[in-house]
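Before any comments, here is the structure.
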Amino acid sequence: MSSTTTTFDDPLSQRYHGKHILAPMVRVGTLPMRMLALKYGADLVYTPEIIDKRIVKAQRRVNPTTGIIEYVNDNDTVDLQIHPREKPYVIFQVGTSDPDLALEAALKVASDVSGIDVNCGCPKKFSIQGGMGAALLTDPERLEAILKKLVDHSGLPVTCKIRLLDNDADTLALVQRIEKTGVKALAVHCRTRNERPRDRGHWDKLKMVAEAVRTIPVIANGDVFTYDHLLRVKEECGVSSAMVARGAMENPSMFSKDGLVDAKIVAQEYISLAVLVNNRFQNTKYTLMQMYNNTKSTAYQNLTRAKNHDGIMKAFGLKEMLKITVPKLEIEPNTSALSSST
Ligand code: FNR
């Protein structure tokens with residue numbers, strides 16, 4: 001079956017077909033990175049995983065200066081920012097082990113996002129101990145209960161992002177159970193729970209899953225680093241769509257069919273957007289250190305010493321913010337448009 005000619009009867013599933021997608025990334029996939037990914041051609045962007053309880057207790061507000069929608073917790077910690085025009089493209093990823101809390105979290109953000117995704121792949125101790133992330137891979141009853149609750153009551157298209165299990169039969173049994181819950185698409189990170197990023201992803205298993213799951217789009221994730229890989233993984237594995245984490249973190253212009261943009265320019269664009277939306281400084285610095293990991297450069301050396309956004313701008317020789325155009329968000333070169341777009 002050719003991935004490009006496939007159609008899905010359900011229009012909500014069709015929305016996940018033929019797409020290039022920014023993967024969920026804690027710290028990295030905050031608003032400025034999602035804006036850059038959209039600028040360079042991503043069709044859908046996932047928020048970083050946020051734990052259900054955290055979003056449930058957050059206050060929603062519209063920032064009076066920037067017009068950005070913000071979910072704020074104690075001590076004015078902004079846990080999530082969404083651009084007012086981001087809704088058609090943004091999927092909220094929740095970390096959960098509880099159907100009721102998952103639903104509460106989904107309902108909280110429902111008016112600002114286009115879908116909800118359940119993280120079933122995080123191998124970190126915090127997630128596993130709480131029965132979340134990759135723990136759900138071996139607790140399919142709980143996973144089904146969460147997905148069905150969301151499907152039946154959230155009013156949003158529901159998806160989940162899994163890893164592979166240790167043997168193919170278990171993986172296939174799991175994906176077929178997930179398919180029956182009514183989710184609109186399934187993202188598969190083609191590594192097992194114990195495999196690390198340096199271990200090669202198993203594209204052959206993506207093909208296996210795509211052949212088994214026929215009624216909803218399969219989104220391939222793992223070792224897609226270039227625009228060419230985006231096309232190849234769809235073609236070679238017969239999947240609907242492709243999702244990128246580290247490749248986009250290093251240079252979000254990888255989504256562009258017109259070729260990579262120079263890393264320093266992309267870093268300057270990222271900084272400009274981070275300053276514009278008042279991204280959390282620690283996230284800006286962390287992301288830039290991954291993105292611009294030219295460790296011997298003066299910019300990187302100065303970045304390591306930066307204590308605030310001004311310091312970061314200086315490290316990259318930016319006297320003023322660049323004017324960025326993101327047509328999907330209707331942000332034109334005059335970035336001040338942002339503040340009037342509520
Ligand atoms: C991740 N990943 C991840 N996955 C997820 O489901 N929710 C998350 O919040 C995160 N956070 C996160 C942060 C960072 C910095 C990285 C690098 C990765 C995993 C990610 O979405 C993806 O599944 C893997 O990185 C494999 O894809 P790539 O990197 O090979 O494209």
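Going through the structure tokens in order, the chains are called A, B, and so on, while each chain numbers its residues from 1 and the ligands are numbered from 1 in the order shown.
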
Contact residues around segment 105-113 of chain A with only C-alpha atoms at 8 Å, ignoring same-chain residues under 5 positions, as a PDB file with C-alpha atoms, in the first residue's frame:
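Saved the output as out.pdb:
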ATOM      1  CA  ASP A  52      -2.056  15.273  34.296  1.00  0.00           C
ATOM      2  CA  LYS A  53      -2.155  16.635  37.882  1.00  0.00           C
ATOM      3  CA  ILE A  55      -2.119  20.802  34.123  1.00  0.00           C
ATOM      4  CA  VAL A  56      -5.290  20.142  36.118  1.00  0.00           C
ATOM      5  CA  ILE A  82       0.125  28.169  23.342  1.00  0.00           C
ATOM      6  CA  PRO A  84      -3.605  31.894  20.007  1.00  0.00           C
ATOM      7  CA  GLU A  86      -1.599  27.508  17.069  1.00  0.00           C
ATOM      8  CA  LYS A  87      -4.731  25.452  17.692  1.00  0.00           C
ATOM      9  CA  PRO A  88      -5.024  23.798  14.237  1.00  0.00           C
ATOM     10  CA  TYR A  89      -1.518  22.399  14.571  1.00  0.00           C
ATOM     11  CA  VAL A  90      -0.872  21.683  18.240  1.00  0.00           C
ATOM     12  CA  ILE A  91      -1.356  18.386  20.064  1.00  0.00           C
ATOM     13  CA  PHE A  92      -1.174  18.308  23.849  1.00  0.00           C
ATOM     14  CA  VAL A  94      -0.232  14.187  28.741  1.00  0.00           C
ATOM     15  CA  LEU A 150     -10.546  10.151  26.529  1.00  0.00           C
ATOM     16  CA  SER A 154     -12.832  14.526  25.833  1.00  0.00           C
ATOM     17  CA  GLY A 155     -14.338  15.714  22.540  1.00  0.00           C
ATOM     18  CA  LEU A 156     -10.784  15.745  21.132  1.00  0.00           C
TER      19      LEU A 156
END

### Message
What residues of the protein or nucleic acid chains come within 7 Å of ligand 1 when you use only C-alpha atoms and all ligand atoms? Reply as a PyMOL selection string.
### Response
chain A and resi 23-28+48-49+119-122+161+189+197+221-225+243-247

Restricted to C-alpha atoms, what would the selected residues look like written as a CSV table (one decimal), in the first residue's frame?
chain,number,residue,atom,x,y,z
A,23,ALA,CA,7.8,15.1,18.4
A,24,PRO,CA,7.0,15.9,22.1
A,25,MET,CA,10.1,17.0,23.9
A,26,VAL,CA,10.3,18.1,27.5
A,27,ARG,CA,12.1,21.5,27.8
A,28,VAL,CA,12.7,21.7,24.0
A,48,PRO,CA,6.3,18.5,25.8
A,49,GLU,CA,4.7,15.9,28.1
A,119,ASN,CA,2.7,9.3,26.5
A,120,CYS,CA,3.3,5.5,26.6
A,121,GLY,CA,7.0,5.6,25.9
A,122,CYS,CA,8.9,7.5,28.6
A,161,LYS,CA,2.8,7.4,21.4
A,189,HIS,CA,9.0,5.2,18.5
A,197,PRO,CA,18.9,7.1,21.7
A,221,ASN,CA,9.3,8.0,15.0
A,222,GLY,CA,13.0,7.3,15.5
A,223,ASP,CA,16.2,8.2,13.6
A,224,VAL,CA,14.5,10.6,11.2
A,225,PHE,CA,17.0,13.4,11.0
A,243,MET,CA,7.7,12.5,13.6
A,244,VAL,CA,11.1,14.0,14.5
A,245,ALA,CA,12.6,14.8,17.9
A,246,ARG,CA,16.4,15.2,17.9
A,247,GLY,CA,16.8,16.1,14.2

#### Entry: Atom-to-atom span, atom CA of Met35 of chain A and atom CA of Val118 of chain A, Å
22.1 Å

### Task
From a DSSP pass on the backbone, collect the residues of segment 84-305 of chain A flagged as alpha helix (DSSP H) and hand them back as a PyMOL selection string.
chain A and resi 99-109+125-129+140-153+168-179+203-212+227-237+246-250+263-277+281-291+298-305

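Remark: for Cys190 of chain A, the closest of the candidate residues A:Ala169, A:Ala242, A:Leu22, A:Ile331 is A:Ala242 (distances computed over only C-alpha atoms).
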
### Task
Would you return as a VMD selection string the members of segment 211-337 of chain A that DSSP assigns to strand (DSSP E or B) on this structure's backbone?
chain A and resid 218 to 221 241 to 244 326 331

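Of the listed residues (A:Met313, A:Met208, A:Val151, A:Leu137), A:Leu137 comes nearest to Leu174 of chain A; the distances count only C-alpha atoms.
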
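Proximity ranking of A:Ala58, A:Lys285, A:Pro123, A:Met291 relative to Asp310 of chain A places A:Lys285 first, based on only C-alpha atoms.
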
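Here atom CA of His83 of chain A stands at a distance of 28.5 Å from atom CA of Leu231 of chain A.
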